[in-house]
file protein.pdb (PDB, C-alpha atoms, pLDDT in the B column)
MODEL        1
ATOM      1  CA  MET A   1      46.844 -72.288-130.218  1.00 47.00           C
ATOM      2  CA  SER A   2      47.166 -69.988-133.239  1.00 55.00           C
ATOM      3  CA  ARG A   3      50.265 -67.878-133.698  1.00 62.00           C
ATOM      4  CA  ARG A   4      48.212 -64.699-133.253  1.00 64.00           C
ATOM      5  CA  SER A   5      46.694 -65.828-129.935  1.00 72.00           C
ATOM      6  CA  GLY A   6      50.104 -66.999-128.739  1.00 86.00           C
ATOM      7  CA  ILE A   7      51.557 -63.533-129.337  1.00 88.00           C
ATOM      8  CA  LEU A   8      48.660 -61.918-127.467  1.00 89.00           C
ATOM      9  CA  GLU A   9      49.072 -64.239-124.475  1.00 93.00           C
ATOM     10  CA  PHE A  10      52.800 -63.477-124.401  1.00 93.00           C
ATOM     11  CA  ALA A  11      52.163 -59.712-124.442  1.00 92.00           C
ATOM     12  CA  VAL A  12      49.461 -59.882-121.754  1.00 94.00           C
ATOM     13  CA  LEU A  13      51.705 -61.883-119.437  1.00 96.00           C
ATOM     14  CA  GLY A  14      54.555 -59.452-120.031  1.00 94.00           C
ATOM     15  CA  LEU A  15      52.472 -56.380-119.245  1.00 93.00           C
ATOM     16  CA  LEU A  16      50.966 -57.956-116.129  1.00 96.00           C
ATOM     17  CA  ARG A  17      54.444 -58.843-114.933  1.00 94.00           C
ATOM     18  CA  GLU A  18      54.990 -55.104-114.592  1.00 92.00           C
ATOM     19  CA  SER A  19      51.806 -54.551-112.548  1.00 93.00           C
ATOM     20  CA  PRO A  20      48.210 -55.824-112.171  1.00 96.00           C
ATOM     21  CA  MET A  21      45.718 -54.155-114.514  1.00 95.00           C
ATOM     22  CA  HIS A  22      42.057 -53.925-115.461  1.00 93.00           C
ATOM     23  CA  GLY A  23      41.062 -55.229-118.873  1.00 91.00           C
ATOM     24  CA  TYR A  24      40.631 -51.634-120.087  1.00 89.00           C
ATOM     25  CA  GLU A  25      44.141 -50.721-118.953  1.00 91.00           C
ATOM     26  CA  LEU A  26      45.546 -53.812-120.643  1.00 91.00           C
ATOM     27  CA  ARG A  27      43.849 -53.005-123.927  1.00 88.00           C
ATOM     28  CA  LYS A  28      45.121 -49.417-123.775  1.00 87.00           C
ATOM     29  CA  ARG A  29      48.706 -50.561-123.122  1.00 88.00           C
ATOM     30  CA  LEU A  30      48.526 -53.135-125.907  1.00 86.00           C
ATOM     31  CA  ASN A  31      47.244 -50.473-128.303  1.00 83.00           C
ATOM     32  CA  THR A  32      49.753 -47.783-127.399  1.00 79.00           C
ATOM     33  CA  SER A  33      52.880 -49.805-126.579  1.00 71.00           C
ATOM     34  CA  LEU A  34      52.606 -52.656-129.068  1.00 70.00           C
ATOM     35  CA  GLY A  35      51.557 -51.507-132.518  1.00 62.00           C
ATOM     36  CA  VAL A  36      50.820 -55.058-133.642  1.00 60.00           C
ATOM     37  CA  PHE A  37      47.692 -55.011-131.432  1.00 66.00           C
ATOM     38  CA  ARG A  38      46.215 -51.689-132.568  1.00 63.00           C
ATOM     39  CA  ALA A  39      43.312 -53.333-134.369  1.00 60.00           C
ATOM     40  CA  PHE A  40      42.260 -55.940-131.813  1.00 67.00           C
ATOM     41  CA  SER A  41      39.110 -55.740-129.652  1.00 67.00           C
ATOM     42  CA  TYR A  42      37.775 -56.690-126.237  1.00 68.00           C
ATOM     43  CA  GLY A  43      36.212 -59.678-127.980  1.00 79.00           C
ATOM     44  CA  THR A  44      39.761 -60.933-128.540  1.00 84.00           C
ATOM     45  CA  LEU A  45      41.269 -59.857-125.217  1.00 89.00           C
ATOM     46  CA  TYR A  46      38.765 -61.312-122.735  1.00 90.00           C
ATOM     47  CA  PRO A  47      38.788 -64.881-124.107  1.00 92.00           C
ATOM     48  CA  CYS A  48      42.587 -64.690-123.883  1.00 93.00           C
ATOM     49  CA  LEU A  49      42.389 -63.532-120.249  1.00 95.00           C
ATOM     50  CA  LYS A  50      39.914 -66.303-119.444  1.00 95.00           C
ATOM     51  CA  THR A  51      42.303 -68.888-120.904  1.00 95.00           C
ATOM     52  CA  LEU A  52      45.213 -67.537-118.873  1.00 97.00           C
ATOM     53  CA  VAL A  53      43.106 -67.654-115.692  1.00 97.00           C
ATOM     54  CA  THR A  54      42.043 -71.249-116.464  1.00 97.00           C
ATOM     55  CA  ASN A  55      45.689 -72.214-116.952  1.00 97.00           C
ATOM     56  CA  GLY A  56      46.546 -70.788-113.533  1.00 97.00           C
ATOM     57  CA  TRP A  57      48.789 -68.049-114.942  1.00 98.00           C
ATOM     58  CA  LEU A  58      46.498 -65.189-113.869  1.00 97.00           C
ATOM     59  CA  ILE A  59      44.066 -64.596-111.015  1.00 97.00           C
ATOM     60  CA  GLU A  60      41.082 -62.249-110.943  1.00 95.00           C
ATOM     61  CA  GLU A  61      40.701 -59.783-108.083  1.00 94.00           C
ATOM     62  CA  PRO A  62      38.063 -57.111-107.363  1.00 87.00           C
ATOM     63  CA  GLY A  63      39.110 -53.579-108.201  1.00 75.00           C
ATOM     64  CA  ASN A  64      39.909 -51.153-105.394  1.00 69.00           C
ATOM     65  CA  THR A  65      39.232 -47.786-107.041  1.00 58.00           C
ATOM     66  CA  PRO A  66      36.505 -45.399-105.763  1.00 52.00           C
ATOM     67  CA  GLU A  67      34.427 -46.257-108.821  1.00 53.00           C
ATOM     68  CA  ASP A  68      34.645 -49.948-107.972  1.00 51.00           C
ATOM     69  CA  ALA A  69      33.500 -49.258-104.401  1.00 49.00           C
ATOM     70  CA  LEU A  70      30.332 -47.634-105.767  1.00 47.00           C
ATOM     71  CA  ALA A  71      29.563 -50.614-107.967  1.00 47.00           C
ATOM     72  CA  THR A  72      26.859 -52.616-106.208  1.00 50.00           C
ATOM     73  CA  PRO A  73      24.037 -54.882-107.417  1.00 51.00           C
ATOM     74  CA  LEU A  74      21.549 -52.087-106.638  1.00 50.00           C
ATOM     75  CA  SER A  75      23.498 -49.491-108.583  1.00 47.00           C
ATOM     76  CA  GLY A  76      23.489 -51.663-111.671  1.00 49.00           C
ATOM     77  CA  ARG A  77      27.227 -51.146-112.104  1.00 51.00           C
ATOM     78  CA  ARG A  78      29.796 -53.907-112.205  1.00 59.00           C
ATOM     79  CA  ALA A  79      33.104 -53.617-110.385  1.00 65.00           C
ATOM     80  CA  LYS A  80      36.132 -53.844-112.640  1.00 83.00           C
ATOM     81  CA  ILE A  81      38.184 -57.004-112.374  1.00 92.00           C
ATOM     82  CA  VAL A  82      41.920 -56.667-111.853  1.00 96.00           C
ATOM     83  CA  TYR A  83      44.153 -59.333-113.391  1.00 97.00           C
ATOM     84  CA  ARG A  84      47.284 -60.310-111.488  1.00 97.00           C
ATOM     85  CA  LEU A  85      50.135 -62.572-112.597  1.00 97.00           C
ATOM     86  CA  THR A  86      50.617 -65.695-110.481  1.00 97.00           C
ATOM     87  CA  ALA A  87      53.959 -67.294-109.628  1.00 97.00           C
ATOM     88  CA  GLU A  88      53.205 -69.964-112.243  1.00 97.00           C
ATOM     89  CA  GLY A  89      52.382 -67.245-114.763  1.00 97.00           C
ATOM     90  CA  LYS A  90      55.670 -65.474-114.099  1.00 97.00           C
ATOM     91  CA  GLU A  91      57.568 -68.733-114.539  1.00 97.00           C
ATOM     92  CA  HIS A  92      55.703 -69.436-117.781  1.00 97.00           C
ATOM     93  CA  PHE A  93      56.452 -65.949-119.122  1.00 96.00           C
ATOM     94  CA  GLU A  94      60.142 -66.302-118.277  1.00 95.00           C
ATOM     95  CA  ASP A  95      60.154 -69.601-120.163  1.00 95.00           C
ATOM     96  CA  LEU A  96      58.609 -67.863-123.182  1.00 94.00           C
ATOM     97  CA  LEU A  97      61.221 -65.101-122.938  1.00 94.00           C
ATOM     98  CA  SER A  98      64.018 -67.653-123.154  1.00 95.00           C
ATOM     99  CA  GLN A  99      62.743 -69.194-126.411  1.00 93.00           C
ATOM    100  CA  THR A 100      64.648 -68.262-129.565  1.00 93.00           C
ATOM    101  CA  GLY A 101      62.993 -70.480-132.165  1.00 90.00           C
ATOM    102  CA  PRO A 102      61.903 -69.380-135.653  1.00 90.00           C
ATOM    103  CA  ASP A 103      58.640 -67.850-134.383  1.00 88.00           C
ATOM    104  CA  ALA A 104      60.669 -65.197-132.543  1.00 90.00           C
ATOM    105  CA  TYR A 105      61.923 -63.867-135.892  1.00 89.00           C
ATOM    106  CA  GLU A 106      58.547 -63.467-137.618  1.00 87.00           C
ATOM    107  CA  ASP A 107      57.184 -59.962-138.176  1.00 85.00           C
ATOM    108  CA  GLU A 108      54.432 -59.800-135.531  1.00 78.00           C
ATOM    109  CA  HIS A 109      56.110 -61.979-132.931  1.00 87.00           C
ATOM    110  CA  PHE A 110      59.410 -60.145-133.235  1.00 91.00           C
ATOM    111  CA  ALA A 111      57.713 -56.812-132.483  1.00 88.00           C
ATOM    112  CA  ALA A 112      56.188 -58.261-129.303  1.00 88.00           C
ATOM    113  CA  ARG A 113      59.457 -59.917-128.288  1.00 91.00           C
ATOM    114  CA  PHE A 114      61.403 -56.701-128.843  1.00 92.00           C
ATOM    115  CA  ALA A 115      58.948 -54.757-126.668  1.00 90.00           C
ATOM    116  CA  PHE A 116      60.022 -56.913-123.715  1.00 92.00           C
ATOM    117  CA  PHE A 117      63.763 -56.938-124.388  1.00 93.00           C
ATOM    118  CA  GLY A 118      64.250 -55.028-121.146  1.00 91.00           C
ATOM    119  CA  GLN A 119      63.181 -58.201-119.321  1.00 91.00           C
ATOM    120  CA  THR A 120      65.192 -60.540-121.568  1.00 94.00           C
ATOM    121  CA  SER A 121      68.714 -61.833-120.970  1.00 94.00           C
ATOM    122  CA  ARG A 122      71.514 -60.482-123.166  1.00 93.00           C
ATOM    123  CA  ASP A 123      72.302 -63.843-124.773  1.00 94.00           C
ATOM    124  CA  VAL A 124      68.668 -64.378-125.752  1.00 95.00           C
ATOM    125  CA  ARG A 125      68.435 -60.832-127.133  1.00 96.00           C
ATOM    126  CA  MET A 126      71.464 -61.516-129.308  1.00 96.00           C
ATOM    127  CA  ARG A 127      70.050 -64.776-130.664  1.00 96.00           C
ATOM    128  CA  VAL A 128      66.699 -63.178-131.486  1.00 96.00           C
ATOM    129  CA  LEU A 129      68.310 -60.148-133.160  1.00 97.00           C
ATOM    130  CA  GLU A 130      70.694 -62.283-135.199  1.00 97.00           C
ATOM    131  CA  GLY A 131      67.874 -64.629-136.168  1.00 96.00           C
ATOM    132  CA  ARG A 132      65.718 -61.723-137.272  1.00 97.00           C
ATOM    133  CA  ARG A 133      68.580 -60.259-139.307  1.00 97.00           C
ATOM    134  CA  SER A 134      69.212 -63.596-140.996  1.00 96.00           C
ATOM    135  CA  ARG A 135      65.507 -63.945-141.836  1.00 95.00           C
ATOM    136  CA  LEU A 136      65.413 -60.475-143.377  1.00 97.00           C
ATOM    137  CA  GLU A 137      68.608 -61.030-145.345  1.00 97.00           C
ATOM    138  CA  GLU A 138      67.014 -64.131-146.872  1.00 96.00           C
ATOM    139  CA  ARG A 139      63.891 -62.117-147.685  1.00 95.00           C
ATOM    140  CA  LEU A 140      65.971 -59.340-149.232  1.00 95.00           C
ATOM    141  CA  GLU A 141      67.865 -61.778-151.438  1.00 96.00           C
ATOM    142  CA  LYS A 142      64.585 -63.224-152.740  1.00 95.00           C
ATOM    143  CA  MET A 143      63.180 -59.755-153.381  1.00 94.00           C
ATOM    144  CA  ARG A 144      66.268 -58.750-155.363  1.00 94.00           C
ATOM    145  CA  ALA A 145      66.165 -61.954-157.407  1.00 94.00           C
ATOM    146  CA  SER A 146      62.451 -61.489-158.135  1.00 92.00           C
ATOM    147  CA  LEU A 147      62.957 -57.879-159.157  1.00 92.00           C
ATOM    148  CA  ALA A 148      65.800 -58.833-161.509  1.00 92.00           C
ATOM    149  CA  ARG A 149      63.568 -61.406-163.230  1.00 91.00           C
ATOM    150  CA  THR A 150      60.502 -59.203-163.598  1.00 90.00           C
ATOM    151  CA  ARG A 151      61.963 -55.701-163.975  1.00 87.00           C
ATOM    152  CA  GLU A 152      61.320 -55.508-167.728  1.00 88.00           C
ATOM    153  CA  ARG A 153      57.649 -56.518-167.311  1.00 90.00           C
ATOM    154  CA  LEU A 154      56.781 -53.994-164.581  1.00 89.00           C
ATOM    155  CA  ASP A 155      55.432 -50.502-165.133  1.00 92.00           C
ATOM    156  CA  ASP A 156      57.096 -47.567-163.387  1.00 92.00           C
ATOM    157  CA  TYR A 157      54.710 -47.495-160.416  1.00 94.00           C
ATOM    158  CA  THR A 158      54.863 -51.194-159.680  1.00 92.00           C
ATOM    159  CA  LEU A 159      58.641 -51.052-159.987  1.00 92.00           C
ATOM    160  CA  GLU A 160      58.769 -48.154-157.533  1.00 94.00           C
ATOM    161  CA  LEU A 161      56.588 -50.107-155.088  1.00 93.00           C
ATOM    162  CA  GLN A 162      58.972 -53.054-155.306  1.00 92.00           C
ATOM    163  CA  ARG A 163      61.934 -50.767-154.631  1.00 93.00           C
ATOM    164  CA  HIS A 164      60.139 -49.206-151.661  1.00 95.00           C
ATOM    165  CA  GLY A 165      59.600 -52.645-150.151  1.00 94.00           C
ATOM    166  CA  MET A 166      63.269 -53.512-150.582  1.00 95.00           C
ATOM    167  CA  GLU A 167      64.380 -50.236-149.032  1.00 96.00           C
ATOM    168  CA  SER A 168      62.188 -50.899-145.984  1.00 95.00           C
ATOM    169  CA  VAL A 169      63.825 -54.285-145.449  1.00 96.00           C
ATOM    170  CA  GLU A 170      67.300 -52.798-145.999  1.00 97.00           C
ATOM    171  CA  ARG A 171      66.591 -50.125-143.358  1.00 97.00           C
ATOM    172  CA  GLU A 172      65.552 -52.751-140.831  1.00 97.00           C
ATOM    173  CA  VAL A 173      68.690 -54.780-141.537  1.00 97.00           C
ATOM    174  CA  ARG A 174      70.823 -51.676-140.882  1.00 97.00           C
ATOM    175  CA  TRP A 175      68.876 -51.032-137.666  1.00 97.00           C
ATOM    176  CA  LEU A 176      69.433 -54.621-136.546  1.00 97.00           C
ATOM    177  CA  ASN A 177      73.152 -54.287-137.292  1.00 97.00           C
ATOM    178  CA  GLU A 178      73.289 -51.268-134.991  1.00 97.00           C
ATOM    179  CA  LEU A 179      71.435 -53.086-132.204  1.00 96.00           C
ATOM    180  CA  ILE A 180      73.663 -56.150-132.499  1.00 96.00           C
ATOM    181  CA  GLU A 181      76.805 -54.033-132.367  1.00 96.00           C
ATOM    182  CA  SER A 182      75.458 -52.249-129.280  1.00 94.00           C
ATOM    183  CA  GLU A 183      74.740 -55.579-127.584  1.00 94.00           C
ATOM    184  CA  ARG A 184      78.236 -56.804-128.400  1.00 92.00           C
ATOM    185  CA  ALA A 185      79.792 -53.580-127.123  1.00 89.00           C
ATOM    186  CA  GLY A 186      77.861 -53.902-123.865  1.00 81.00           C
ATOM    187  CA  ARG A 187      78.994 -57.495-123.442  1.00 69.00           C
ATOM    188  CA  ASP A 188      82.630 -56.617-124.172  1.00 60.00           C
ATOM    189  CA  GLN A 189      82.546 -53.856-121.553  1.00 58.00           C
ATOM    190  CA  ARG A 190      81.683 -56.497-118.928  1.00 55.00           C
ATOM    191  CA  ARG A 191      84.536 -58.897-119.647  1.00 54.00           C
ATOM    192  CA  PRO A 192      86.915 -59.690-116.735  1.00 53.00           C
ATOM    193  CA  ASP A 193      89.414 -56.982-115.792  1.00 53.00           C
ATOM    194  CA  PRO A 194      93.135 -57.653-116.332  1.00 46.00           C
ATOM    195  CA  ASP A 195      93.518 -58.223-112.569  1.00 51.00           C
ATOM    196  CA  GLY A 196      91.191 -61.203-112.845  1.00 47.00           C
ATOM    197  CA  SER A 197      88.127 -59.646-111.264  1.00 45.00           C
ATOM    198  CA  ALA A 198      84.968 -60.142-113.276  1.00 44.00           C
ATOM    199  CA  GLN A 199      82.532 -57.298-113.757  1.00 48.00           C
ATOM    200  CA  GLN A 200      78.853 -57.991-113.202  1.00 44.00           C
ATOM    201  CA  ASP A 201      76.904 -58.613-116.398  1.00 46.00           C
ATOM    202  CA  ASN A 202      73.616 -56.753-116.345  1.00 44.00           C
ATOM    203  CA  THR A 203      71.690 -59.171-118.560  1.00 46.00           C
ATOM    204  CA  SER A 204      68.370 -57.398-118.320  1.00 47.00           C
ATOM    205  CA  GLY A 205      66.810 -54.061-117.513  1.00 46.00           C
ATOM    206  CA  GLU A 206      65.069 -51.272-119.339  1.00 40.00           C
ATOM    207  CA  SER A 207      68.178 -50.031-121.104  1.00 43.00           C
ATOM    208  CA  GLY A 208      69.227 -53.528-122.144  1.00 47.00           C
ATOM    209  CA  GLY A 209      72.029 -53.483-124.685  1.00 48.00           C
ATOM    210  CA  LEU A 210      71.173 -50.085-126.139  1.00 50.00           C
ATOM    211  CA  PRO A 211      73.850 -47.385-125.983  1.00 42.00           C
ATOM    212  CA  ARG A 212      73.853 -45.225-122.877  1.00 41.00           C
ATOM    213  CA  PRO A 213      75.141 -41.636-122.603  1.00 35.00           C
ATOM    214  CA  GLY A 214      78.897 -41.766-122.114  1.00 39.00           C
ATOM    215  CA  ASP A 215      79.282 -45.314-123.444  1.00 42.00           C
ATOM    216  CA  THR A 216      82.087 -45.920-125.911  1.00 36.00           C
ATOM    217  CA  PRO A 217      80.429 -46.273-129.309  1.00 38.00           C
ATOM    218  CA  GLY A 218      80.845 -49.530-131.176  1.00 40.00           C
ATOM    219  CA  PRO A 219      81.967 -49.872-134.788  1.00 40.00           C
ATOM    220  CA  ASP A 220      80.047 -47.925-137.381  1.00 43.00           C
ATOM    221  CA  PRO A 221      77.304 -50.348-138.525  1.00 39.00           C
ATOM    222  CA  SER A 222      77.461 -48.874-142.025  1.00 39.00           C
ATOM    223  CA  ASP A 223      80.955 -50.319-142.371  1.00 43.00           C
ATOM    224  CA  ASP A 224      79.640 -53.823-141.703  1.00 42.00           C
ATOM    225  CA  THR A 225      76.666 -54.179-143.992  1.00 39.00           C
ATOM    226  CA  ALA A 226      74.628 -57.338-144.200  1.00 39.00           C
ATOM    227  CA  THR A 227      75.590 -59.853-146.810  1.00 36.00           C
TER     228      THR A 227
ENDMDL
END
call {"tool": "encode", "arguments": {"input": "protein.pdb", "output": "C-alpha coordinates"}}
result
Amino acid sequence: MSRRSGILEFAVLGLLRESPMHGYELRKRLNTSLGVFRAFSYGTLYPCLKTLVTNGWLIEEPGNTPEDALATPLSGRRAKIVYRLTAEGKEHFEDLLSQTGPDAYEDEHFAARFAFFGQTSRDVRMRVLEGRRSRLEERLEKMRASLARTRERLDDYTLELQRHGMESVEREVRWLNELIESERAGRDQRRPDPDGSAQQDNTSGESGGLPRPGDTPGPDPSDDTAT
(Lines of atoms letter the chains of each structure in order from A and count residues from 1; the text may use other names and numbers.)
(Lines give C-alpha, C1' and ligand atoms only; values in the text may rest on other atoms or scores of the structure.)
Protein backbone atom coordinates (compact mmCIF):
# COMPACT_ATOMS: atom_id res chain seq x y z
CA MET A 1 0.00 0.00 0.00
CA SER A 2 1.35 3.44 -0.95
CA ARG A 3 1.52 6.19 1.63
CA ARG A 4 -1.07 8.21 -0.30
CA SER A 5 -3.60 5.36 -0.42
CA GLY A 6 -2.99 4.61 3.25
CA ILE A 7 -3.87 8.20 4.18
CA LEU A 8 -7.04 8.03 2.08
CA GLU A 9 -8.15 4.76 3.70
CA PHE A 10 -7.53 6.26 7.14
CA ALA A 11 -9.62 9.35 6.31
CA VAL A 12 -12.48 7.32 4.80
CA LEU A 13 -12.68 5.08 7.85
CA GLY A 14 -12.63 8.11 10.13
CA LEU A 15 -15.45 9.88 8.30
CA LEU A 16 -17.58 6.73 8.15
CA ARG A 17 -17.10 6.25 11.87
CA GLU A 18 -19.14 9.42 12.27
CA SER A 19 -21.99 8.19 10.04
CA PRO A 20 -22.67 6.08 6.91
CA MET A 21 -22.35 7.99 3.64
CA HIS A 22 -22.75 7.76 -0.12
CA GLY A 23 -19.61 7.98 -2.22
CA TYR A 24 -20.61 11.51 -3.28
CA GLU A 25 -20.99 12.60 0.34
CA LEU A 26 -17.63 11.07 1.21
CA ARG A 27 -15.88 12.87 -1.62
CA LYS A 28 -17.48 16.17 -0.60
CA ARG A 29 -16.39 15.74 3.04
CA LEU A 30 -12.87 14.79 2.00
CA ASN A 31 -12.67 17.86 -0.23
CA THR A 32 -14.07 20.34 2.27
CA SER A 33 -12.80 18.98 5.60
CA LEU A 34 -9.39 17.62 4.60
CA GLY A 35 -7.50 19.95 2.29
CA VAL A 36 -4.97 17.25 1.40
CA PHE A 37 -7.68 15.53 -0.69
CA ARG A 38 -8.90 18.54 -2.68
CA ALA A 39 -7.43 17.28 -5.94
CA PHE A 40 -8.45 13.62 -5.82
CA SER A 41 -11.20 12.05 -7.96
CA TYR A 42 -13.85 9.34 -7.89
CA GLY A 43 -11.35 7.22 -9.80
CA THR A 44 -9.24 7.25 -6.64
CA LEU A 45 -12.04 7.00 -4.08
CA TYR A 46 -14.01 4.01 -5.40
CA PRO A 47 -11.06 1.60 -5.67
CA CYS A 48 -10.25 2.56 -2.08
CA LEU A 49 -13.84 1.83 -1.00
CA LYS A 50 -13.77 -1.50 -2.83
CA THR A 51 -10.58 -2.47 -1.00
CA LEU A 52 -12.08 -1.56 2.37
CA VAL A 53 -15.19 -3.63 1.59
CA THR A 54 -13.02 -6.60 0.53
CA ASN A 55 -11.08 -6.33 3.80
CA GLY A 56 -14.33 -6.48 5.76
CA TRP A 57 -13.97 -2.96 7.16
CA LEU A 58 -16.96 -1.55 5.26
CA ILE A 59 -20.27 -2.94 4.02
CA GLU A 60 -22.39 -1.68 1.13
CA GLU A 61 -26.08 -0.98 1.68
CA PRO A 62 -28.80 0.35 -0.66
CA GLY A 63 -29.64 4.00 -0.21
CA ASN A 64 -32.93 4.97 1.42
CA THR A 65 -33.53 8.45 -0.01
CA PRO A 66 -36.57 9.25 -2.22
CA GLU A 67 -34.25 9.44 -5.22
CA ASP A 68 -32.97 5.94 -4.48
CA ALA A 69 -36.54 4.61 -4.28
CA LEU A 70 -37.18 5.88 -7.82
CA ALA A 71 -34.09 4.16 -9.16
CA THR A 72 -35.26 1.00 -10.90
CA PRO A 73 -33.92 -1.05 -13.83
CA LEU A 74 -36.70 0.39 -16.02
CA SER A 75 -35.91 3.97 -15.08
CA GLY A 76 -32.30 3.53 -16.10
CA ARG A 77 -31.15 5.06 -12.82
CA ARG A 78 -28.90 3.36 -10.30
CA ALA A 79 -29.58 3.55 -6.58
CA LYS A 80 -26.77 5.12 -4.59
CA ILE A 81 -24.77 2.78 -2.40
CA VAL A 82 -24.29 3.72 1.24
CA TYR A 83 -21.04 2.68 2.91
CA ARG A 84 -21.17 1.71 6.57
CA LEU A 85 -18.30 0.96 8.95
CA THR A 86 -18.26 -2.57 10.36
CA ALA A 87 -17.17 -3.53 13.87
CA GLU A 88 -13.89 -4.79 12.37
CA GLY A 89 -13.49 -1.50 10.52
CA LYS A 90 -14.00 0.49 13.71
CA GLU A 91 -11.42 -1.64 15.50
CA HIS A 92 -8.98 -1.19 12.62
CA PHE A 93 -9.48 2.59 12.62
CA GLU A 94 -8.92 2.77 16.37
CA ASP A 95 -5.69 0.82 15.89
CA LEU A 96 -4.59 3.33 13.24
CA LEU A 97 -5.46 6.20 15.59
CA SER A 98 -3.17 4.79 18.26
CA GLN A 99 -0.11 4.67 15.97
CA THR A 100 2.50 7.37 16.52
CA GLY A 101 5.27 6.28 14.17
CA PRO A 102 7.21 8.57 11.81
CA ASP A 103 4.46 8.52 9.15
CA ALA A 104 2.19 10.42 11.55
CA TYR A 105 4.56 13.40 11.41
CA GLU A 106 4.78 13.73 7.62
CA ASP A 107 3.04 16.66 5.94
CA GLU A 108 0.03 14.93 4.34
CA HIS A 109 -0.47 12.27 6.99
CA PHE A 110 -0.22 14.76 9.83
CA ALA A 111 -3.03 16.86 8.33
CA ALA A 112 -5.29 13.79 8.17
CA ARG A 113 -4.32 12.68 11.68
CA PHE A 114 -4.97 16.15 13.09
CA ALA A 115 -8.43 16.23 11.49
CA PHE A 116 -9.40 13.28 13.70
CA PHE A 117 -7.77 14.45 16.93
CA GLY A 118 -11.23 14.71 18.46
CA GLN A 119 -11.38 10.90 18.32
CA THR A 120 -7.78 10.41 19.51
CA SER A 121 -6.59 9.87 23.07
CA ARG A 122 -4.71 12.70 24.78
CA ASP A 123 -1.46 10.76 25.12
CA VAL A 124 -1.43 9.89 21.42
CA ARG A 125 -2.21 13.50 20.49
CA MET A 126 0.77 14.64 22.54
CA ARG A 127 3.14 12.14 20.93
CA VAL A 128 2.02 13.09 17.42
CA LEU A 129 2.27 16.84 18.12
CA GLU A 130 5.70 16.52 19.71
CA GLY A 131 6.88 14.29 16.88
CA ARG A 132 5.66 16.77 14.30
CA ARG A 133 7.37 19.64 16.12
CA SER A 134 10.64 17.72 16.28
CA ARG A 135 10.43 16.92 12.56
CA LEU A 136 9.86 20.58 11.69
CA GLU A 137 12.65 21.77 13.97
CA GLU A 138 15.03 19.45 12.12
CA ARG A 139 13.75 20.80 8.80
CA LEU A 140 14.17 24.38 9.99
CA GLU A 141 17.75 23.77 11.09
CA LYS A 142 18.60 22.35 7.65
CA MET A 143 16.93 25.28 5.90
CA ARG A 144 18.90 27.78 7.98
CA ALA A 145 22.17 25.96 7.33
CA SER A 146 21.46 25.81 3.58
CA LEU A 147 20.57 29.49 3.46
CA ALA A 148 23.77 30.44 5.29
CA ARG A 149 25.85 28.50 2.75
CA THR A 150 24.13 29.83 -0.37
CA ARG A 151 23.05 33.34 0.64
CA GLU A 152 25.80 35.08 -1.35
CA ARG A 153 24.93 33.16 -4.54
CA LEU A 154 21.17 33.85 -4.49
CA ASP A 155 19.44 36.77 -6.16
CA ASP A 156 16.99 38.87 -4.15
CA TYR A 157 13.87 36.99 -5.27
CA THR A 158 15.22 33.53 -4.64
CA LEU A 159 16.48 34.69 -1.26
CA GLU A 160 13.04 36.06 -0.41
CA LEU A 161 11.45 32.75 -1.42
CA GLN A 162 13.83 30.89 0.89
CA ARG A 163 12.95 33.24 3.75
CA HIS A 164 9.23 32.78 3.08
CA GLY A 165 9.63 29.02 3.34
CA MET A 166 11.48 29.35 6.64
CA GLU A 167 8.86 31.70 8.05
CA SER A 168 6.11 29.20 7.17
CA VAL A 169 7.89 26.45 9.09
CA GLU A 170 8.56 28.80 12.02
CA ARG A 171 4.85 29.70 12.18
CA GLU A 172 3.86 26.04 12.30
CA VAL A 173 6.38 25.38 15.07
CA ARG A 174 4.86 28.24 17.11
CA TRP A 175 1.38 26.84 16.44
CA LEU A 176 2.48 23.39 17.59
CA ASN A 177 3.98 24.90 20.74
CA GLU A 178 0.60 26.45 21.54
CA LEU A 179 -1.25 23.17 20.95
CA ILE A 180 1.21 21.22 23.09
CA GLU A 181 0.91 23.72 25.93
CA SER A 182 -2.89 23.50 25.71
CA GLU A 183 -2.75 19.70 25.86
CA ARG A 184 -0.45 19.86 28.88
CA ALA A 185 -2.70 22.39 30.60
CA GLY A 186 -5.72 20.16 30.02
CA ARG A 187 -3.88 17.16 31.45
CA ASP A 188 -2.71 19.11 34.50
CA GLN A 189 -6.27 20.24 35.22
CA ARG A 190 -7.27 16.57 35.54
CA ARG A 191 -4.64 15.53 38.07
CA PRO A 192 -5.90 14.07 41.39
CA ASP A 193 -7.34 16.55 43.90
CA PRO A 194 -5.49 17.11 47.19
CA ASP A 195 -8.13 14.98 48.96
CA GLY A 196 -7.04 12.00 46.88
CA SER A 197 -10.00 11.88 44.53
CA ALA A 198 -9.02 11.63 40.88
CA GLN A 199 -10.79 13.70 38.28
CA GLN A 200 -11.94 11.98 35.11
CA ASP A 201 -9.60 12.46 32.16
CA ASN A 202 -11.54 13.24 29.02
CA THR A 203 -9.06 11.74 26.56
CA SER A 204 -11.12 12.36 23.46
CA GLY A 205 -13.93 14.47 22.11
CA GLU A 206 -14.39 17.28 19.66
CA SER A 207 -12.72 19.89 21.82
CA GLY A 208 -9.78 17.63 22.62
CA GLY A 209 -6.94 19.51 24.28
CA LEU A 210 -7.77 22.88 22.75
CA PRO A 211 -8.52 25.75 25.13
CA ARG A 212 -12.14 26.17 26.15
CA PRO A 213 -13.84 29.42 27.23
CA GLY A 214 -13.09 29.97 30.90
CA ASP A 215 -10.08 27.64 30.98
CA THR A 216 -6.97 28.93 32.72
CA PRO A 217 -4.52 29.80 29.95
CA GLY A 218 -1.21 27.98 29.85
CA PRO A 219 2.20 29.62 29.58
CA ASP A 220 2.74 32.02 26.73
CA PRO A 221 4.13 29.82 23.91
CA SER A 222 6.24 32.74 22.68
CA ASP A 223 8.27 32.49 25.88
CA ASP A 224 9.16 28.87 25.12
CA THR A 225 10.34 28.92 21.54
CA ALA A 226 11.55 25.83 19.76
CA THR A 227 15.23 25.11 19.84
call {"tool": "atom_distance", "arguments": {"input": "protein.pdb", "atom1": "atom CA of A:Gly101", "atom2": "atom CA of A:Leu52"}}
result
22.4 Å
call {"tool": "atom_distance", "arguments": {"input": "protein.pdb", "atom1": "atom CA of A:Lys90", "atom2": "atom CA of A:Arg184"}}
result
28.1 Å
call {"tool": "resolve_selection", "arguments": {"input": "protein.pdb", "expression": "the PyMOL selection byres ((chain A and resi 62) around 6)", "output": "list in words"}}
result
Glu61, Gly63, Ile81 and Val82 of chain A
call {"tool": "closest_residue", "arguments": {"input": "protein.pdb", "among": "A:Gly118, A:Gly131, A:Pro20, A:Gly89", "to": "A:Asp103", "atoms": "all atoms listed in the file"}}
result
A:Gly131
call {"tool": "resolve_selection", "arguments": {"input": "protein.pdb", "expression": "the PyMOL selection byres ((chain A and resi 176) around 10)", "output": "PyMOL selection string"}}
result
chain A and resi 129-130+132-133+136+170-175+177-182+221+226
call {"tool": "closest_residue", "arguments": {"input": "protein.pdb", "among": "A:Leu34, A:Met143, A:Val12, A:Leu97", "to": "A:Arg122", "atoms": "all atoms listed in the file"}}
result
A:Leu97
call {"tool": "atom_distance", "arguments": {"input": "protein.pdb", "atom1": "atom CA of A:Ile59", "atom2": "atom CA of A:Arg84"}}
result
5.4 Å
